[in-house]
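> Supplied structure: start-v1.cif, mmCIF, C-alpha atoms.
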```
data_final
#
loop_
_atom_site.label_atom_id
_atom_site.label_comp_id
_atom_site.auth_asym_id
_atom_site.auth_seq_id
_atom_site.Cartn_x
_atom_site.Cartn_y
_atom_site.Cartn_z
CA MET A 1 187.23 137.63 67.94
CA LYS A 2 183.78 138.25 66.50
CA ALA A 3 181.03 135.94 67.77
CA ALA A 4 177.26 135.45 68.02
CA TYR A 5 176.28 134.91 71.65
CA ILE A 6 173.48 135.31 74.16
CA THR A 7 173.65 137.57 77.22
CA ALA A 8 170.67 135.98 78.97
CA GLN A 9 167.96 133.48 78.17
CA GLY A 10 164.84 134.59 76.41
CA GLY A 11 163.64 135.64 72.97
CA PRO A 12 165.49 136.97 69.92
CA ASP A 13 166.47 140.16 71.77
CA VAL A 14 169.07 138.36 73.94
CA LEU A 15 171.27 137.58 70.91
CA ARG A 16 174.31 139.76 70.25
CA VAL A 17 176.99 139.82 67.56
CA GLY A 18 180.09 141.41 69.01
CA THR A 19 183.67 141.01 70.17
CA LEU A 20 184.78 138.45 72.74
CA PRO A 21 188.25 137.36 73.86
CA ASP A 22 190.07 134.85 71.67
CA PRO A 23 190.06 131.34 73.22
CA HIS A 24 193.35 129.47 73.73
CA PRO A 25 193.80 125.70 73.55
CA GLY A 26 194.76 123.84 76.72
CA ALA A 27 196.30 120.41 77.10
CA GLY A 28 194.98 118.03 74.45
CA GLU A 29 192.97 120.77 72.75
CA VAL A 30 193.13 122.52 69.39
CA ARG A 31 191.89 125.87 68.15
CA ILE A 32 189.89 126.00 64.95
CA ALA A 33 189.57 129.09 62.77
CA VAL A 34 185.88 128.69 61.90
CA GLN A 35 184.89 129.20 58.28
CA ALA A 36 181.23 128.17 58.44
CA ALA A 37 178.85 126.97 61.15
CA ALA A 38 175.33 125.57 61.07
CA LEU A 39 172.30 126.16 63.25
CA ASN A 40 170.27 123.54 65.08
CA HIS A 41 167.10 123.68 67.17
CA LEU A 42 169.49 123.24 70.07
CA ASP A 43 170.51 126.88 69.57
CA LEU A 44 166.91 128.01 70.02
CA TRP A 45 166.50 125.85 73.12
CA VAL A 46 169.71 127.18 74.68
CA ARG A 47 168.61 130.74 73.93
CA GLU A 48 165.22 130.13 75.55
CA GLY A 49 166.52 128.01 78.43
CA ILE A 50 166.64 124.24 78.93
CA PRO A 51 165.36 122.98 82.30
CA GLY A 52 168.25 121.64 84.37
CA VAL A 53 170.98 123.07 82.13
CA GLU A 54 172.92 125.94 83.68
CA VAL A 55 174.38 128.40 81.19
CA ARG A 56 177.10 130.95 81.87
CA PHE A 57 176.91 134.21 79.97
CA PRO A 58 177.94 135.29 77.49
CA ARG A 59 177.36 131.92 75.80
CA ILE A 60 178.45 131.49 72.20
CA LEU A 61 175.87 129.43 70.30
CA GLY A 62 176.49 126.80 67.63
CA ALA A 63 177.38 123.11 67.62
CA ASP A 64 178.53 122.49 64.03
CA ALA A 65 181.50 123.94 62.18
CA VAL A 66 184.12 123.53 59.51
CA GLY A 67 187.38 125.43 59.62
CA ALA A 68 191.16 125.39 59.59
CA LEU A 69 193.20 123.70 62.29
CA GLU A 70 194.88 126.84 63.59
CA ALA A 71 196.76 126.04 66.83
CA LEU A 72 197.60 123.00 68.95
CA GLY A 73 197.72 122.84 72.72
CA PRO A 74 200.22 120.68 74.64
CA GLY A 75 199.81 117.00 73.80
CA ALA A 76 197.24 117.60 71.05
CA GLY A 77 199.50 116.18 68.36
CA LYS A 78 199.32 112.71 69.94
CA ALA A 79 195.52 112.73 69.78
CA LEU A 80 195.57 113.97 66.18
CA ARG A 81 197.74 111.03 65.16
CA ARG A 82 194.91 108.71 66.17
CA GLN A 83 192.43 110.49 63.89
CA PRO A 84 191.84 109.65 60.20
CA ALA A 85 194.39 111.23 57.84
CA PRO A 86 193.36 113.85 55.27
CA THR A 87 192.48 112.10 52.00
CA GLY A 88 195.58 111.03 50.10
CA SER A 89 197.99 112.79 52.47
CA GLY A 90 199.42 109.77 54.24
CA ARG A 91 200.07 111.93 57.32
CA PRO A 92 198.26 112.95 60.51
CA LEU A 93 196.18 116.09 60.72
CA ALA A 94 198.32 119.21 60.99
CA GLU A 95 197.96 122.97 61.30
CA GLY A 96 196.27 124.47 58.26
CA ASP A 97 194.18 121.38 57.45
CA ARG A 98 190.46 121.83 56.90
CA VAL A 99 188.55 119.96 59.59
CA VAL A 100 185.03 119.28 60.80
CA LEU A 101 184.01 118.92 64.43
CA ASN A 102 182.19 116.21 66.31
CA PRO A 103 180.09 118.44 68.61
CA GLY A 104 179.70 115.82 71.35
CA LEU A 105 182.24 116.08 74.17
CA SER A 106 182.86 113.04 76.37
CA CYS A 107 185.20 112.30 79.27
CA GLY A 108 186.89 109.25 77.74
CA ALA A 109 187.19 107.55 81.14
CA CYS A 110 183.75 106.47 82.38
CA GLU A 111 182.35 102.97 81.86
CA PHE A 112 180.43 104.05 78.76
CA CYS A 113 183.34 105.83 77.10
CA THR A 114 185.74 102.94 77.74
CA ARG A 115 183.37 100.52 76.02
CA GLY A 116 182.96 102.84 73.02
CA ASP A 117 179.57 104.38 73.88
CA SER A 118 180.75 107.98 74.18
CA SER A 119 177.26 109.44 73.60
CA LEU A 120 176.19 107.76 76.87
CA CYS A 121 179.06 109.41 78.78
CA ILE A 122 178.06 110.45 82.30
CA ARG A 123 179.67 113.85 81.65
CA TYR A 124 178.46 114.23 78.07
CA ARG A 125 178.34 117.81 76.83
CA LEU A 126 177.57 119.61 73.60
CA LEU A 127 179.25 122.57 71.96
CA GLY A 128 177.01 125.62 72.20
CA GLU A 129 175.00 124.19 75.09
CA HIS A 130 177.32 123.30 77.96
CA VAL A 131 180.39 125.14 76.61
CA ASP A 132 180.96 127.91 74.08
CA GLY A 133 180.09 126.95 70.54
CA THR A 134 181.00 127.52 66.93
CA LEU A 135 179.31 130.80 65.94
CA ALA A 136 182.61 132.60 66.38
CA GLU A 137 185.83 133.19 64.52
CA TYR A 138 187.57 130.68 66.79
CA VAL A 139 186.50 127.65 68.79
CA VAL A 140 188.60 125.40 71.05
CA VAL A 141 187.78 121.68 71.22
CA PRO A 142 189.53 118.45 72.25
CA ALA A 143 191.83 117.21 69.51
CA ALA A 144 189.92 113.92 69.54
CA ASN A 145 186.86 115.81 68.22
CA VAL A 146 188.36 117.01 64.94
CA TYR A 147 188.32 115.04 61.69
CA PRO A 148 189.45 115.83 58.14
CA ALA A 149 186.70 117.56 56.18
CA PRO A 150 185.43 115.59 53.16
CA GLU A 151 187.09 117.16 50.13
CA ARG A 152 184.10 116.69 47.83
CA LEU A 153 181.85 118.88 49.96
CA THR A 154 181.58 122.66 49.99
CA LEU A 155 182.29 124.56 53.20
CA GLU A 156 178.54 125.01 53.72
CA GLN A 157 177.88 121.29 53.27
CA CYS A 158 180.70 120.41 55.68
CA ALA A 159 179.21 122.71 58.30
CA ALA A 160 175.75 121.28 57.75
CA PHE A 161 176.26 117.63 58.61
CA PRO A 162 177.85 116.87 62.01
CA LEU A 163 175.08 117.06 64.60
CA VAL A 164 172.05 116.07 62.53
CA TYR A 165 173.71 113.47 60.29
CA LEU A 166 175.40 111.85 63.27
CA THR A 167 172.05 111.81 65.09
CA ALA A 168 170.14 110.48 62.08
CA TRP A 169 172.80 107.85 61.31
CA ARG A 170 172.54 106.39 64.79
CA MET A 171 168.73 106.50 64.62
CA VAL A 172 168.42 104.81 61.23
CA ARG A 173 171.43 102.52 60.96
CA VAL A 174 172.42 101.69 64.55
CA ARG A 175 169.40 101.92 66.84
CA GLY A 176 166.86 101.41 64.02
CA ARG A 177 168.81 98.56 62.38
CA LEU A 178 167.36 99.40 58.96
CA ALA A 179 167.74 96.62 56.40
CA PRO A 180 167.46 97.02 52.61
CA GLY A 181 163.86 96.91 51.41
CA GLU A 182 162.33 97.84 54.77
CA THR A 183 159.76 100.62 55.01
CA VAL A 184 160.45 103.81 56.98
CA LEU A 185 158.13 106.61 58.12
CA VAL A 186 159.92 109.95 58.64
CA HIS A 187 157.86 112.62 60.38
CA GLY A 188 158.30 116.32 59.61
CA VAL A 189 160.69 116.12 56.69
CA GLY A 190 162.48 119.40 56.07
CA GLY A 191 164.04 119.69 59.49
CA GLY A 192 167.72 118.85 59.83
CA VAL A 193 167.43 115.40 61.44
CA ALA A 194 164.42 114.36 59.37
CA SER A 195 165.97 115.32 56.04
CA ALA A 196 169.21 113.58 57.05
CA ALA A 197 167.25 110.47 58.07
CA LEU A 198 165.55 110.45 54.68
CA LEU A 199 168.87 110.50 52.84
CA ILE A 200 170.49 107.91 55.10
CA ALA A 201 167.51 105.56 54.83
CA VAL A 202 167.41 105.83 51.04
CA ALA A 203 171.17 105.24 50.81
CA ALA A 204 170.71 102.10 52.93
CA GLY A 205 168.08 100.73 50.56
CA GLY A 206 165.05 101.68 52.64
CA ARG A 207 161.67 102.66 51.21
CA VAL A 208 160.67 105.99 52.77
CA MET A 209 157.39 107.73 53.42
CA ALA A 210 157.92 111.38 54.42
CA THR A 211 155.38 113.74 55.99
CA SER A 212 155.11 117.53 56.09
CA SER A 213 152.48 120.25 55.99
CA SER A 214 154.32 121.87 53.06
CA ASP A 215 153.83 120.65 49.50
CA ALA A 216 157.12 122.30 48.53
CA LYS A 217 158.98 120.32 51.19
CA LEU A 218 157.28 117.12 50.10
CA ALA A 219 158.27 117.74 46.49
CA ARG A 220 161.86 118.19 47.60
CA ALA A 221 161.65 115.01 49.69
CA HIS A 222 160.45 113.12 46.62
CA GLU A 223 163.41 114.45 44.65
CA LEU A 224 165.71 113.14 47.38
CA GLY A 225 164.28 109.64 47.21
CA ALA A 226 161.07 109.48 49.25
CA GLU A 227 158.82 106.87 47.65
CA ARG A 228 155.64 108.27 49.19
CA THR A 229 154.89 111.71 50.62
CA VAL A 230 151.93 112.81 52.76
CA ASN A 231 150.73 116.30 53.60
CA TYR A 232 149.50 115.79 57.17
CA ALA A 233 147.60 119.10 57.11
CA ARG A 234 145.02 117.64 54.74
CA GLU A 235 145.66 113.88 54.57
CA ASP A 236 145.26 111.04 57.05
CA VAL A 237 148.82 109.81 57.58
CA LEU A 238 147.80 106.51 59.17
CA ALA A 239 145.44 105.75 56.27
CA ALA A 240 148.27 106.55 53.86
CA VAL A 241 150.61 104.21 55.75
CA ARG A 242 148.10 101.39 55.64
CA ASP A 243 147.48 101.93 51.94
CA TRP A 244 151.23 102.08 51.17
CA THR A 245 152.04 98.95 53.15
CA ALA A 246 148.91 96.90 52.36
CA ARG A 247 147.70 97.48 55.96
CA ARG A 248 150.88 95.93 57.37
CA GLY A 249 152.53 99.02 58.89
CA VAL A 250 156.08 100.32 58.53
CA ASP A 251 159.17 98.57 59.82
CA LEU A 252 160.77 101.70 61.25
CA VAL A 253 159.47 105.07 62.42
CA ILE A 254 161.82 108.04 62.84
CA ASP A 255 160.16 110.43 65.27
CA SER A 256 161.81 113.62 66.46
CA VAL A 257 158.52 115.47 66.91
CA GLY A 258 156.72 113.78 69.83
CA GLY A 259 153.39 115.13 70.96
CA THR A 260 151.09 114.99 67.95
CA THR A 261 153.08 112.26 66.18
CA TRP A 262 153.70 109.85 69.07
CA SER A 263 150.35 108.06 69.00
CA LEU A 264 150.52 107.97 65.21
CA SER A 265 153.97 106.37 65.37
CA LEU A 266 152.65 103.58 67.59
CA ASP A 267 149.74 102.93 65.24
CA ALA A 268 151.86 103.14 62.07
CA ALA A 269 154.53 100.65 63.17
CA VAL A 270 154.20 97.04 62.09
CA ARG A 271 153.84 94.39 64.79
CA GLY A 272 157.36 93.86 66.09
CA GLY A 273 158.49 97.09 64.42
CA ARG A 274 160.81 99.80 65.73
CA ILE A 275 160.22 103.42 66.71
CA VAL A 276 163.31 105.57 67.27
CA THR A 277 163.02 108.95 68.95
CA CYS A 278 165.71 111.58 69.40
CA GLY A 279 163.62 114.49 70.64
CA ALA A 280 160.24 116.01 71.20
CA THR A 281 160.00 119.37 69.47
CA ALA A 282 156.17 119.40 69.78
CA ASP A 283 155.62 117.89 73.24
CA SER A 284 157.88 115.87 75.52
CA ASP A 285 155.11 114.11 77.46
CA PRO A 286 152.40 112.65 75.21
CA PRO A 287 150.21 109.73 76.41
CA ALA A 288 152.44 106.64 76.53
CA ARG A 289 149.85 104.12 75.32
CA ILE A 290 151.79 101.32 76.97
CA ASN A 291 149.13 98.77 76.04
CA ARG A 292 149.77 99.50 72.35
CA ILE A 293 153.50 99.00 72.84
CA PHE A 294 153.30 95.59 74.49
CA TRP A 295 150.39 94.29 72.42
CA LYS A 296 152.20 95.05 69.15
CA GLN A 297 155.58 94.12 70.68
CA VAL A 298 157.06 97.35 69.35
CA ASP A 299 160.64 98.32 70.17
CA VAL A 300 160.71 101.94 71.38
CA LEU A 301 164.28 103.16 71.17
CA GLY A 302 165.84 106.38 72.42
CA SER A 303 168.78 107.87 70.57
CA THR A 304 171.03 110.85 71.23
CA MET A 305 173.89 111.92 68.97
CA GLY A 306 176.32 109.04 68.27
CA ASN A 307 179.69 107.60 69.19
CA ARG A 308 183.03 108.00 67.43
CA ASP A 309 182.46 104.93 65.25
CA ASP A 310 179.17 106.42 64.09
CA PHE A 311 180.88 109.72 63.24
CA ARG A 312 183.55 107.93 61.21
CA ALA A 313 180.88 105.92 59.38
CA VAL A 314 179.04 109.10 58.39
CA LEU A 315 182.31 110.67 57.22
CA GLU A 316 183.07 107.65 55.04
CA CYS A 317 179.66 107.85 53.36
CA LEU A 318 180.05 111.58 52.76
CA ALA A 319 183.56 111.16 51.35
CA ALA A 320 182.38 108.34 49.07
CA GLY A 321 179.52 110.40 47.66
CA GLU A 322 176.80 108.21 49.19
CA LEU A 323 175.41 111.19 51.14
CA THR A 324 175.35 114.91 50.37
CA PRO A 325 174.09 117.28 53.09
CA VAL A 326 171.14 119.48 52.20
CA VAL A 327 171.73 123.21 52.77
CA ASP A 328 168.67 125.44 52.96
CA SER A 329 170.24 128.89 53.16
CA VAL A 330 173.42 130.74 54.10
CA PHE A 331 173.69 133.93 56.20
CA PRO A 332 176.74 135.98 57.23
CA LEU A 333 177.63 136.08 60.92
CA ASP A 334 176.28 139.62 61.25
CA ARG A 335 172.84 138.27 60.28
CA THR A 336 172.73 135.38 62.75
CA ALA A 337 169.46 136.75 64.15
CA GLU A 338 167.86 136.35 60.70
CA ALA A 339 169.30 132.86 60.38
CA LEU A 340 167.80 131.86 63.75
CA ALA A 341 164.47 133.41 62.75
CA ARG A 342 164.37 131.27 59.62
CA LEU A 343 165.08 128.16 61.66
CA GLU A 344 162.43 129.13 64.20
CA SER A 345 159.86 129.71 61.45
CA GLY A 346 160.10 126.09 60.29
CA ALA A 347 160.26 127.23 56.67
CA GLN A 348 163.64 125.66 55.99
CA PHE A 349 164.40 122.40 54.19
CA GLY A 350 167.78 121.16 55.36
CA LYS A 351 170.32 123.18 57.26
CA VAL A 352 170.61 126.90 57.86
CA VAL A 353 174.31 127.80 57.66
CA VAL A 354 176.21 130.84 58.95
CA GLU A 355 179.32 132.02 57.11
CA VAL A 356 181.79 133.03 59.77
CA ALA A 357 185.12 133.44 58.23
CA ALA A 358 187.64 135.07 56.24
CA THR A 359 190.97 133.27 55.93
CA VAL A 360 193.25 132.39 58.84
CA GLU A 361 195.67 135.04 57.61
CA ASP A 362 192.94 137.69 57.70
CA ARG A 363 192.13 136.76 61.28
CA ARG A 364 195.70 136.83 62.43
CA ALA A 365 196.07 140.30 60.93
CA ALA A 366 192.88 141.43 62.65
CA SER A 367 194.07 139.99 65.96
CA ALA A 368 197.38 141.77 65.60
CA ALA A 369 195.44 144.98 65.04
CA GLY A 370 193.92 144.61 68.49
CA ARG A 371 190.55 142.94 68.00
CA GLY A 372 190.97 140.55 70.95
CA ALA A 373 189.09 142.42 73.66
CA GLU A 374 188.95 141.41 77.30
CA ALA A 375 185.22 141.98 77.64
CA PRO A 376 182.20 141.70 75.33
CA GLU A 377 181.63 144.68 73.10
CA VAL A 378 178.17 144.65 71.63
CA GLU A 379 178.06 145.53 67.95
CA SER A 380 174.50 144.70 67.04
#
```
Write out the structure in this file as structure tokens.

Amino acid sequence: MKAAYITAQGGPDVLRVGTLPDPHPGAGEVRIAVQAAALNHLDLWVREGIPGVEVRFPRILGADAVGALEALGPGAGKALRRQPAPTGSGRPLAEGDRVVLNPGLSCGACEFCTRGDSSLCIRYRLLGEHVDGTLAEYVVVPAANVYPAPERLTLEQCAAFPLVYLTAWRMVRVRGRLAPGETVLVHGVGGGVASAALLIAVAAGGRVMATSSSDAKLARAHELGAERTVNYAREDVLAAVRDWTARRGVDLVIDSVGGTTWSLSLDAAVRGGRIVTCGATADSDPPARINRIFWKQVDVLGSTMGNRDDFRAVLECLAAGELTPVVDSVFPLDRTAEALARLESGAQFGKVVVEVAATVEDRRAASAAGRGAEAPEVES
């Protein structure tokens, strides 16, 4: 199969697009013929190296995908029967159905999994980080991780939502407990999680202030429902928050940036407010300002991915038309390096998507013609 993978950790030069062996589903697993995949900052971090995470090479990147359910391993049918049925079909998922993937892999047996908190699993893993990912013609995942793709969405939109919309949903609706009418500060709108958080907050009845250093991104955020936008390159965000909220502060801060935004988040939150963080793209160790936390009685909440209930909730909103993923740009698999460069530049608004596939029939014909090699063959 054709795939985008890294041969070592480092800069853009470690990425290859070439031929790797076709994967085969084991017990309880299914194989997906990938049609489109989306990029995340996770792909850049895996390429560069994440402290404490061991990667075996070649490693196929990519956490998100939409594709056709192509083959079932032993016992996979039982797991599929527990998943939601394709819209209007009245039957379980079956070969040929279009599906999306939950990129979070959990053991299903630890104390956290058994109580429904799969994203806290002691053996939690992510596609494209701990195991091979979705930037390939085929990917194998547990049957429990596939769901029917929302029919109203395009392939690119289906590929765009899983990781970031699941993450943002848990941040805004579950950990952040957003109520209608509450005010929300979203840092760095334009990135995948931030733009998803904006949409989810607006759909929940929240009033959103979005920040960016790009006027074009802020204009887009306003179109998507942001009540107030602030260009942090030339405006004082805290002053804008105080003006917007009559000096009260915001009820909820969504912070995936860290570093330069962390102190601002603490100052911008109302007394008794909530700050939810899912990452630290700028700096993972800013000054804690513990005195500010306890004096204002602020809830500081960590959030990573989401559980199966969260994923189903996002799917229901997408299927009902309450959310529509924002796609920035689409690249073919051969141009994955360009797609990653766009993501790394920070110029995108929404998700950068990679078109992987032809049809399942095309792939089977290619496989029959001998494309399944036993060792990587670098093409570019």
> Run the PyMOL selection byres ((chain A and resi 160-176) around 7) on the file and write out the hits as a count of residues only.
32
> To one decimal place, how far is atom CA of A:Gly96 from atom CA of A:Asp132 in Å?
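These atoms are spaced 22.3 Å apart.
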> Write out, as a Markdown table, each residue of stretch 92-205 of chain A that has an atom at most 12 Å from stretch 344-348 of chain A, together with the closest pair of atoms and their distance in Å to one decimal, counting only C-alpha atoms, rows going by chain and rising number.

```
| residue | atom | partner | partner_atom | distance |
| --- | --- | --- | --- | --- |
| A:Gly188 | CA | A:Gly346 | CA | 10.0 |
| A:Val189 | CA | A:Gln348 | CA | 10.0 |
| A:Gly190 | CA | A:Gln348 | CA | 6.4 |
| A:Gly191 | CA | A:Gln348 | CA | 6.9 |
| A:Gly192 | CA | A:Gln348 | CA | 8.8 |
| A:Ala194 | CA | A:Gln348 | CA | 11.8 |
| A:Ser195 | CA | A:Gln348 | CA | 10.6 |
```
> Just give me the gap between atom CA of A:Asp309 and atom CA of A:Arg91 in Å, one decimal is fine.
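So the two atoms, atom CA of A:Asp309 and atom CA of A:Arg91, lie 20.5 Å apart.
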> Between atom CA of A:Ile122 and atom CA of A:Ala8, what is the spacing in Å?
26.8 Å
> Give me, as a PyMOL selection string, all polymer residues having an atom no more than 8 Å from A:Gly273, counting all atoms listed in the file and skipping those fewer than 6 positions away in the same chain.
chain A and resi 250-252+297-299
> Go ahead and save the residues from that selection, with C-alpha atoms, as a PDB file, in the coordinates of the input.

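Dumped everything to selection-v7.pdb:
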```
ATOM      1  CA  VAL A 250     156.080 100.320  58.530  1.00  0.00           C
ATOM      2  CA  ASP A 251     159.170  98.570  59.820  1.00  0.00           C
ATOM      3  CA  LEU A 252     160.770 101.700  61.250  1.00  0.00           C
ATOM      4  CA  GLN A 297     155.580  94.120  70.680  1.00  0.00           C
ATOM      5  CA  VAL A 298     157.060  97.350  69.350  1.00  0.00           C
ATOM      6  CA  ASP A 299     160.640  98.320  70.170  1.00  0.00           C
TER       7      ASP A 299
END
```
> Starting from the PyMOL selection byres ((chain A and resi 43) around 12), expand the selection into actual residues of this file and give them as JSON, numbers by chain.
{"A": [4, 5, 6, 9, 10, 11, 12, 15, 37, 38, 39, 40, 41, 42, 44, 45, 46, 47, 48, 49, 50, 59, 60, 61, 62, 63, 64, 126, 127, 128, 129, 130, 132, 133, 134, 135, 163, 336, 337, 339, 340, 341, 343, 344, 352]}
